[in-house]
$ cat structure.tsv   # TSV, C-alpha atoms and all ligand atoms
chain	number	residue	atom	x	y	z
X	1	MET	CA	57.29	-171.50	-82.60
X	2	LYS	CA	57.17	-172.46	-78.92
X	3	ARG	CA	59.51	-175.11	-77.61
X	4	VAL	CA	58.34	-177.09	-74.59
X	5	ILE	CA	60.58	-179.27	-72.42
X	6	THR	CA	59.73	-181.80	-69.74
X	7	PHE	CA	61.67	-184.33	-67.68
X	8	GLY	CA	60.95	-187.69	-66.12
X	9	THR	CA	61.88	-191.33	-65.69
X	10	PHE	CA	58.69	-192.66	-67.31
X	11	ASP	CA	59.34	-196.17	-65.95
X	12	VAL	CA	56.63	-198.81	-66.52
X	13	PHE	CA	54.91	-196.47	-68.95
X	14	HIS	CA	51.29	-195.69	-68.06
X	15	VAL	CA	48.40	-193.35	-68.93
X	16	GLY	CA	49.53	-190.69	-66.39
X	17	HIS	CA	52.72	-190.37	-68.44
X	18	VAL	CA	50.77	-190.07	-71.71
X	19	ASN	CA	48.51	-187.41	-70.18
X	20	ILE	CA	51.33	-185.13	-69.07
X	21	ILE	CA	53.23	-185.57	-72.34
X	22	GLU	CA	50.08	-184.84	-74.37
X	23	ARG	CA	49.28	-181.72	-72.32
X	24	ALA	CA	52.90	-180.53	-72.42
X	25	ARG	CA	52.89	-180.77	-76.22
X	26	SER	CA	49.60	-178.87	-76.45
X	27	LEU	CA	51.22	-175.86	-74.74
X	28	GLY	CA	53.58	-175.33	-77.69
X	29	ASP	CA	54.70	-176.56	-81.10
X	30	TYR	CA	57.70	-178.76	-80.33
X	31	LEU	CA	58.18	-181.10	-77.36
X	32	ILE	CA	61.54	-182.19	-76.00
X	33	VAL	CA	61.63	-184.87	-73.28
X	34	GLY	CA	64.60	-185.40	-70.98
X	35	ILE	CA	64.57	-188.99	-69.80
X	36	SER	CA	66.32	-189.69	-66.49
X	37	SER	CA	69.23	-192.08	-66.91
X	38	ASP	CA	69.30	-195.36	-64.96
X	39	LYS	CA	72.11	-193.93	-62.84
X	40	LEU	CA	70.19	-190.75	-62.02
X	41	ASN	CA	67.16	-192.83	-61.08
X	42	ILE	CA	69.17	-194.96	-58.68
X	43	SER	CA	70.46	-191.81	-56.96
X	44	LYS	CA	66.95	-190.21	-56.90
X	45	LYS	CA	64.82	-193.20	-55.93
X	46	GLY	CA	67.29	-195.69	-54.52
X	47	ARG	CA	66.48	-198.36	-57.09
X	48	ALA	CA	67.08	-199.08	-60.74
X	49	PRO	CA	64.11	-198.56	-63.05
X	50	ILE	CA	62.31	-201.71	-64.27
X	51	TYR	CA	62.79	-200.61	-67.89
X	52	SER	CA	66.30	-199.69	-69.04
X	53	GLU	CA	67.06	-196.16	-70.23
X	54	GLN	CA	67.36	-197.42	-73.82
X	55	ASP	CA	63.86	-198.91	-73.66
X	56	ARG	CA	62.38	-195.83	-71.95
X	57	ILE	CA	63.90	-193.57	-74.60
X	58	LYS	CA	62.50	-195.83	-77.34
X	59	ILE	CA	59.00	-195.80	-75.82
X	60	ILE	CA	58.85	-192.03	-75.24
X	61	GLY	CA	60.47	-191.27	-78.60
X	62	SER	CA	57.81	-193.29	-80.40
X	63	LEU	CA	54.94	-191.12	-79.14
X	64	LYS	CA	53.30	-188.79	-81.65
X	65	PHE	CA	53.40	-185.92	-79.13
X	66	VAL	CA	57.19	-186.13	-78.75
X	67	ASP	CA	59.55	-184.42	-81.20
X	68	GLU	CA	62.91	-185.04	-79.51
X	69	THR	CA	64.35	-186.98	-76.57
X	70	PHE	CA	67.64	-186.91	-74.68
X	71	LEU	CA	69.14	-188.60	-71.65
X	72	GLU	CA	68.95	-186.53	-68.44
X	73	GLU	CA	72.17	-187.40	-66.62
X	74	SER	CA	71.89	-185.11	-63.59
X	75	LEU	CA	69.32	-182.93	-61.84
X	76	GLU	CA	72.02	-180.27	-61.47
X	77	LEU	CA	72.25	-179.86	-65.26
X	78	LYS	CA	68.69	-178.61	-65.67
X	79	GLU	CA	69.73	-175.04	-66.47
X	80	GLU	CA	72.20	-176.26	-69.12
X	81	TYR	CA	69.50	-178.46	-70.68
X	82	LEU	CA	66.96	-175.59	-70.77
X	83	LYS	CA	69.51	-173.41	-72.57
X	84	LYS	CA	70.88	-176.11	-74.86
X	85	TYR	CA	67.40	-177.06	-76.07
X	86	ASN	CA	66.19	-173.42	-76.23
X	87	ALA	CA	63.16	-174.14	-74.07
X	88	ASP	CA	60.37	-171.54	-73.92
X	89	ILE	CA	58.33	-173.51	-71.38
X	90	LEU	CA	59.36	-176.06	-68.74
X	91	VAL	CA	56.51	-178.41	-67.82
X	92	MET	CA	56.57	-180.62	-64.73
X	93	GLY	CA	53.92	-182.56	-62.79
X	94	ASP	CA	52.65	-180.82	-59.68
X	95	ASP	CA	54.55	-183.25	-57.45
X	96	TRP	CA	57.42	-180.88	-58.33
X	97	LYS	CA	55.41	-177.70	-57.60
X	98	GLY	CA	57.67	-174.76	-56.64
X	99	LYS	CA	60.88	-176.76	-57.12
X	100	PHE	CA	61.79	-175.21	-60.46
X	101	ASP	CA	60.46	-171.64	-60.02
X	102	HIS	CA	64.00	-170.23	-60.08
X	103	PHE	CA	64.21	-171.12	-63.80
X	104	ASN	CA	61.58	-168.44	-64.48
X	105	SER	CA	64.30	-166.11	-65.71
X	106	ILE	CA	65.22	-168.61	-68.48
X	107	CYS	CA	61.77	-169.83	-69.49
X	108	GLU	CA	58.16	-170.06	-68.39
X	109	VAL	CA	57.67	-172.74	-65.70
X	110	LYS	CA	54.38	-174.66	-65.57
X	111	TYR	CA	53.23	-177.41	-63.23
X	112	LEU	CA	50.43	-179.64	-64.48
X	113	GLU	CA	48.13	-181.66	-62.26
X	114	ARG	CA	49.11	-185.32	-61.94
X	115	THR	CA	46.70	-187.98	-63.14
X	116	PRO	CA	45.10	-189.43	-60.00
X	117	SER	CA	45.28	-193.12	-58.96
X	118	VAL	CA	48.08	-194.33	-61.22
X	119	SER	CA	51.78	-194.56	-60.45
X	120	THR	CA	54.72	-196.74	-61.37
X	121	THR	CA	55.28	-197.65	-57.70
X	122	GLU	CA	51.66	-198.73	-57.32
X	123	LEU	CA	51.75	-200.74	-60.56
X	124	ILE	CA	54.84	-202.60	-59.32
X	125	GLU	CA	53.07	-203.38	-56.01
X	126	ILE	CA	49.94	-204.63	-57.82
X	127	ALA	CA	52.00	-206.81	-60.15
X	128	LYS	CA	53.94	-208.27	-57.21
X	129	SER	CA	50.79	-209.19	-55.31
X	130	ARG	CA	49.28	-211.21	-58.18
X	201	LIG	N1	52.97	-188.06	-63.73
X	201	LIG	C1	51.63	-187.64	-63.80
X	201	LIG	N2	50.63	-188.44	-63.28
X	201	LIG	C2	50.95	-189.61	-62.69
X	201	LIG	C3	52.28	-190.05	-62.61
X	201	LIG	C4	53.28	-189.23	-63.15
X	201	LIG	O1	51.32	-186.55	-64.32
X	201	LIG	N3	49.94	-190.34	-62.17
X	201	LIG	C5	54.01	-187.18	-64.28
X	201	LIG	C6	54.99	-186.67	-63.22
X	201	LIG	O2	54.44	-185.58	-62.51
X	201	LIG	C7	56.18	-186.29	-64.07
X	201	LIG	C8	56.10	-187.30	-65.25
X	201	LIG	O3	54.79	-187.87	-65.21
X	201	LIG	O4	56.06	-184.96	-64.55
X	201	LIG	C9	57.14	-188.38	-65.12
X	201	LIG	O5	57.00	-188.99	-63.87
X	201	LIG	P1	58.23	-189.74	-63.20
X	201	LIG	O6	58.76	-190.73	-64.14
X	201	LIG	O7	57.83	-190.17	-61.84
X	201	LIG	O8	59.25	-188.55	-63.12
X	201	LIG	P2	60.29	-188.26	-62.01
X	201	LIG	O9	61.03	-189.49	-61.67
X	201	LIG	O10	59.62	-187.45	-60.96
X	201	LIG	O11	61.36	-187.38	-62.82
X	201	LIG	O12	64.28	-183.85	-63.48
X	201	LIG	C10	63.08	-184.22	-62.93
X	201	LIG	C11	62.90	-185.67	-62.86
X	201	LIG	O13	63.59	-186.32	-63.87
X	201	LIG	C12	61.41	-186.02	-62.84

$ encode --input "structure.tsv" --output "structure tokens" --more "lines below"
Ligand code: C2G
Amino acid sequence: MKRVITFGTFDVFHVGHVNIIERARSLGDYLIVGISSDKLNISKKGRAPIYSEQDRIKIIGSLKFVDETFLEESLELKEEYLKKYNADILVMGDDWKGKFDHFNSICEVKYLERTPSVSTTELIEIAKSR
């Protein structure tokens, strides 16, 4: 049984998020998703997510591809999370390419191609302009 783990904010949920979650799940038998806390997002992106962490966890946890979710409190805790959740494969979008290669000694690290032409930032801009 292969355990796959992935991380993300998944704010303003869109098809790019579904695609990576679906593909991550297809690489193994059990998918764990670490969802960035509101606080972590503010430190990473300089703004609070549109959807709260409770709502983002509820949305991601309701997907049929997702077996388990948890709150990712810090980028520095990645190694602890990989060990705690017994991950065999870490999946990230290719915007993170190379950034997590050093975890190769703990688990397999895979970067999947991002879905083109859709992003949370762009969706916020489109919504604002209407
Ligand atoms: N994604 C994608 N295609 C898009 C947009 C996003 O495949 N068009 C992927 C990203 O590559 C990422 C996941 O969806 O793997 C979640 O995206 P974000 O919410 O932007 O994640 P991010 O804030 O980069 O968080 O510890 C790592 C971070 O928590 C990753």

$ closest_atom_pairs --input "structure.tsv" --of "chain X" --to "ligand LIG 201 (chain X)" --cutoff "6 Å" --atoms "only C-alpha atoms and all ligand atoms" --output "tab-separated table"
residue	atom	partner	partner_atom	distance
X:Phe7	CA	X:LIG201	O13	4.7
X:Gly8	CA	X:LIG201	O11	3.3
X:Thr9	CA	X:LIG201	O6	3.5
X:Phe10	CA	X:LIG201	O6	3.7
X:Asp11	CA	X:LIG201	O6	5.8
X:Gly16	CA	X:LIG201	N2	4.0
X:His17	CA	X:LIG201	O3	4.6
X:Ile20	CA	X:LIG201	O1	5.0
X:Ser36	CA	X:LIG201	O13	5.1
X:Leu75	CA	X:LIG201	O12	5.4
X:Met92	CA	X:LIG201	O4	4.4
X:Gly93	CA	X:LIG201	O2	3.1
X:Asp94	CA	X:LIG201	O2	5.8
X:Asp95	CA	X:LIG201	O2	5.6
X:Arg114	CA	X:LIG201	O1	3.5
X:Thr115	CA	X:LIG201	N2	4.0
X:Pro116	CA	X:LIG201	N3	5.4
X:Val118	CA	X:LIG201	N3	4.5
X:Ser119	CA	X:LIG201	N3	4.9

$ residues_around --input "structure.tsv" --residues "region 96-102 of chain X" --least-positions-apart "6" --cutoff "10 Å" --atoms "all atoms listed in the file" --output "list in words"
Lys78, Glu79, Leu90, Glu108, Val109, Lys110, Tyr111, Leu112 and Glu113 of chain X

$ residues_around --input "structure.tsv" --residues "Leu40 (chain X)" --least-positions-apart "3" --cutoff "10 Å" --atoms "only C-alpha atoms" --output "ChimeraX atom specification"
/X:9,35-37,43-49,71-75

$ write_last_selection --input "structure.tsv" --atoms "C-alpha atoms" --output "PDB file, in the coordinates of the input"
ATOM      1  CA  THR X   9      61.880-191.330 -65.690  1.00  0.00           C
ATOM      2  CA  ILE X  35      64.570-188.990 -69.800  1.00  0.00           C
ATOM      3  CA  SER X  36      66.320-189.690 -66.490  1.00  0.00           C
ATOM      4  CA  SER X  37      69.230-192.080 -66.910  1.00  0.00           C
ATOM      5  CA  SER X  43      70.460-191.810 -56.960  1.00  0.00           C
ATOM      6  CA  LYS X  44      66.950-190.210 -56.900  1.00  0.00           C
ATOM      7  CA  LYS X  45      64.820-193.200 -55.930  1.00  0.00           C
ATOM      8  CA  GLY X  46      67.290-195.690 -54.520  1.00  0.00           C
ATOM      9  CA  ARG X  47      66.480-198.360 -57.090  1.00  0.00           C
ATOM     10  CA  ALA X  48      67.080-199.080 -60.740  1.00  0.00           C
ATOM     11  CA  PRO X  49      64.110-198.560 -63.050  1.00  0.00           C
ATOM     12  CA  LEU X  71      69.140-188.600 -71.650  1.00  0.00           C
ATOM     13  CA  GLU X  72      68.950-186.530 -68.440  1.00  0.00           C
ATOM     14  CA  GLU X  73      72.170-187.400 -66.620  1.00  0.00           C
ATOM     15  CA  SER X  74      71.890-185.110 -63.590  1.00  0.00           C
ATOM     16  CA  LEU X  75      69.320-182.930 -61.840  1.00  0.00           C
TER      17      LEU X  75
END

$ closest_residue --input "structure.tsv" --among "X:Ile21, X:Val15, X:Phe70, X:Glu122" --to "Gln54 (chain X)" --atoms "all atoms listed in the file"
X:Phe70

$ residues_around --input "structure.tsv" --residues "region 123-125 of chain X" --least-positions-apart "4" --cutoff "10 Å" --atoms "all atoms listed in the file" --output "list of chain:residue names"
X:Val12, X:Phe13, X:His14, X:Ile50, X:Val118, X:Ser119, X:Ser129, X:Arg130

$ residues_around --input "structure.tsv" --residues "Leu82 (chain X)" --least-positions-apart "5" --cutoff "9 Å" --atoms "all atoms listed in the file" --output "compact mmCIF listing (two decimals) with C-alpha atoms, in the coordinates of the input"
# COMPACT_ATOMS: atom_id res chain seq x y z
CA ILE X 5 60.58 -179.27 -72.42
CA LEU X 77 72.25 -179.86 -65.26
CA ALA X 87 63.16 -174.14 -74.07
CA ASP X 88 60.37 -171.54 -73.92
CA ILE X 89 58.33 -173.51 -71.38
CA LEU X 90 59.36 -176.06 -68.74
CA PHE X 103 64.21 -171.12 -63.80
CA ILE X 106 65.22 -168.61 -68.48
CA CYS X 107 61.77 -169.83 -69.49

$ atom_distance --input "structure.tsv" --atom1 "CA of Leu31 (chain X)" --atom2 "CA of Arg3 (chain X)"
6.1 Å

$ atom_distance --input "structure.tsv" --atom1 "CA of Glu22 (chain X)" --atom2 "CA of Asp38 (chain X)"
23.8 Å

$ atom_distance --input "structure.tsv" --atom1 "CA of Lys83 (chain X)" --atom2 "CA of Met1 (chain X)"
15.9 Å

$ closest_residue --input "structure.tsv" --among "X:Asn86, X:Lys128, X:Thr6, X:Asp29" --to "Ile60 (chain X)" --atoms "all atoms listed in the file"
X:Thr6

$ closest_residue --input "structure.tsv" --among "X:Val33, X:Glu76, X:Lys39, X:Val18" --to "Ile57 (chain X)" --atoms "all atoms listed in the file"
X:Val33

$ residues_near_point --input "structure.tsv" --point "(55.6, -182.1, -81.7)" --cutoff "12 Å" --atoms "all atoms listed in the file" --output "JSON, numbers by chain"
{"X": [1, 2, 3, 4, 5, 21, 22, 23, 24, 25, 26, 27, 28, 29, 30, 31, 32, 33, 61, 62, 63, 64, 65, 66, 67, 68, 69]}

$ decode --input "structure.tsv" --residues "region 18-126 of chain X" --atoms "C-alpha atoms" --output "mmCIF file, in the first residue's frame"
data_model
loop_
_atom_site.group_PDB
_atom_site.id
_atom_site.type_symbol
_atom_site.label_atom_id
_atom_site.label_comp_id
_atom_site.auth_asym_id
_atom_site.auth_seq_id
_atom_site.Cartn_x
_atom_site.Cartn_y
_atom_site.Cartn_z
ATOM 1 C CA VAL X 18 -8.703 18.899 -8.539
ATOM 2 C CA ASN X 19 -6.282 17.822 -11.278
ATOM 3 C CA ILE X 20 -3.227 17.668 -9.038
ATOM 4 C CA ILE X 21 -5.142 15.944 -6.230
ATOM 5 C CA GLU X 22 -6.587 13.386 -8.657
ATOM 6 C CA ARG X 23 -3.165 12.663 -10.191
ATOM 7 C CA ALA X 24 -1.488 12.500 -6.767
ATOM 8 C CA ARG X 25 -4.027 9.896 -5.635
ATOM 9 C CA SER X 26 -3.503 7.845 -8.799
ATOM 10 C CA LEU X 27 0.190 7.417 -7.908
ATOM 11 C CA GLY X 28 -0.690 5.381 -4.805
ATOM 12 C CA ASP X 29 -3.468 3.928 -2.657
ATOM 13 C CA TYR X 30 -3.944 6.514 0.075
ATOM 14 C CA LEU X 31 -3.746 10.313 -0.232
ATOM 15 C CA ILE X 32 -2.943 12.666 2.623
ATOM 16 C CA VAL X 33 -3.247 16.423 2.022
ATOM 17 C CA GLY X 34 -1.527 19.020 4.200
ATOM 18 C CA ILE X 35 -3.497 22.235 3.997
ATOM 19 C CA SER X 36 -1.575 25.443 4.710
ATOM 20 C CA SER X 37 -2.943 27.273 7.733
ATOM 21 C CA ASP X 38 -4.188 30.869 7.381
ATOM 22 C CA LYS X 39 -1.145 32.007 9.351
ATOM 23 C CA LEU X 40 1.302 30.134 7.124
ATOM 24 C CA ASN X 41 -0.377 31.606 4.057
ATOM 25 C CA ILE X 42 -0.029 35.141 5.369
ATOM 26 C CA SER X 43 3.699 34.560 5.924
ATOM 27 C CA LYS X 44 4.119 32.873 2.489
ATOM 28 C CA LYS X 45 1.981 35.136 0.310
ATOM 29 C CA GLY X 46 1.570 38.282 2.372
ATOM 30 C CA ARG X 47 -2.218 38.015 2.499
ATOM 31 C CA ALA X 48 -4.883 35.959 4.187
ATOM 32 C CA PRO X 49 -6.615 33.363 2.023
ATOM 33 C CA ILE X 50 -10.144 34.204 0.820
ATOM 34 C CA TYR X 51 -11.453 30.945 2.305
ATOM 35 C CA SER X 52 -10.657 30.172 5.946
ATOM 36 C CA GLU X 53 -8.567 27.132 6.856
ATOM 37 C CA GLN X 54 -11.671 25.413 8.269
ATOM 38 C CA ASP X 55 -13.496 25.834 4.957
ATOM 39 C CA ARG X 56 -10.474 24.767 2.884
ATOM 40 C CA ILE X 57 -10.065 21.634 5.011
ATOM 41 C CA LYS X 58 -13.777 20.866 4.605
ATOM 42 C CA ILE X 59 -13.633 21.277 0.815
ATOM 43 C CA ILE X 60 -10.481 19.189 0.309
ATOM 44 C CA GLY X 61 -11.608 16.556 2.825
ATOM 45 C CA SER X 62 -14.860 16.071 0.918
ATOM 46 C CA LEU X 63 -13.120 14.997 -2.302
ATOM 47 C CA LYS X 64 -13.309 11.319 -3.228
ATOM 48 C CA PHE X 65 -9.567 11.279 -4.022
ATOM 49 C CA VAL X 66 -8.614 12.425 -0.517
ATOM 50 C CA ASP X 67 -8.292 9.971 2.383
ATOM 51 C CA GLU X 68 -6.935 12.260 5.109
ATOM 52 C CA THR X 69 -6.233 15.953 5.707
ATOM 53 C CA PHE X 70 -4.254 17.911 8.277
ATOM 54 C CA LEU X 71 -3.297 21.518 8.887
ATOM 55 C CA GLU X 72 0.206 22.446 7.645
ATOM 56 C CA GLU X 73 1.425 24.964 10.217
ATOM 57 C CA SER X 74 4.948 25.603 8.934
ATOM 58 C CA LEU X 75 7.077 24.942 5.859
ATOM 59 C CA GLU X 76 9.926 23.973 8.194
ATOM 60 C CA LEU X 77 7.945 20.995 9.519
ATOM 61 C CA LYS X 78 7.798 19.186 6.178
ATOM 62 C CA GLU X 79 10.226 16.449 7.239
ATOM 63 C CA GLU X 80 8.240 15.809 10.436
ATOM 64 C CA TYR X 81 4.997 15.602 8.441
ATOM 65 C CA LEU X 82 6.505 13.162 5.906
ATOM 66 C CA LYS X 83 7.617 10.907 8.759
ATOM 67 C CA LYS X 84 4.491 11.285 10.885
ATOM 68 C CA TYR X 85 2.218 10.359 7.971
ATOM 69 C CA ASN X 86 4.575 7.615 6.685
ATOM 70 C CA ALA X 87 4.669 9.067 3.189
ATOM 71 C CA ASP X 88 6.060 6.930 0.361
ATOM 72 C CA ILE X 89 5.678 9.678 -2.248
ATOM 73 C CA LEU X 90 5.643 13.472 -1.924
ATOM 74 C CA VAL X 91 3.791 15.148 -4.796
ATOM 75 C CA MET X 92 4.061 18.859 -5.556
ATOM 76 C CA GLY X 93 3.190 21.036 -8.559
ATOM 77 C CA ASP X 94 6.121 21.903 -10.786
ATOM 78 C CA ASP X 95 6.125 25.493 -9.513
ATOM 79 C CA TRP X 96 8.023 23.846 -6.633
ATOM 80 C CA LYS X 97 10.395 21.888 -8.927
ATOM 81 C CA GLY X 98 13.721 21.084 -7.200
ATOM 82 C CA LYS X 99 12.669 22.673 -3.905
ATOM 83 C CA PHE X 100 11.972 19.396 -2.117
ATOM 84 C CA ASP X 101 14.612 17.114 -3.691
ATOM 85 C CA HIS X 102 16.456 16.822 -0.366
ATOM 86 C CA PHE X 103 13.536 14.740 0.990
ATOM 87 C CA ASN X 104 14.511 11.979 -1.455
ATOM 88 C CA SER X 105 16.131 10.069 1.393
ATOM 89 C CA ILE X 106 12.758 9.884 3.214
ATOM 90 C CA CYS X 107 10.410 9.286 0.292
ATOM 91 C CA GLU X 108 10.088 9.547 -3.468
ATOM 92 C CA VAL X 109 9.624 13.175 -4.607
ATOM 93 C CA LYS X 110 7.496 13.897 -7.686
ATOM 94 C CA TYR X 111 6.617 17.192 -9.338
ATOM 95 C CA LEU X 112 3.524 17.211 -11.534
ATOM 96 C CA GLU X 113 2.843 19.711 -14.285
ATOM 97 C CA ARG X 114 0.532 22.547 -13.266
ATOM 98 C CA THR X 115 -2.772 22.965 -15.075
ATOM 99 C CA PRO X 116 -2.285 25.898 -17.460
ATOM 100 C CA SER X 117 -4.366 29.113 -17.412
ATOM 101 C CA VAL X 118 -6.025 28.807 -14.019
ATOM 102 C CA SER X 119 -4.863 30.231 -10.709
ATOM 103 C CA THR X 120 -6.379 31.575 -7.522
ATOM 104 C CA THR X 121 -4.661 34.951 -8.031
ATOM 105 C CA GLU X 122 -6.083 35.239 -11.544
ATOM 106 C CA LEU X 123 -9.574 34.230 -10.392
ATOM 107 C CA ILE X 124 -9.482 36.952 -7.727
ATOM 108 C CA GLU X 125 -8.429 39.525 -10.361
ATOM 109 C CA ILE X 126 -11.212 38.432 -12.748
#
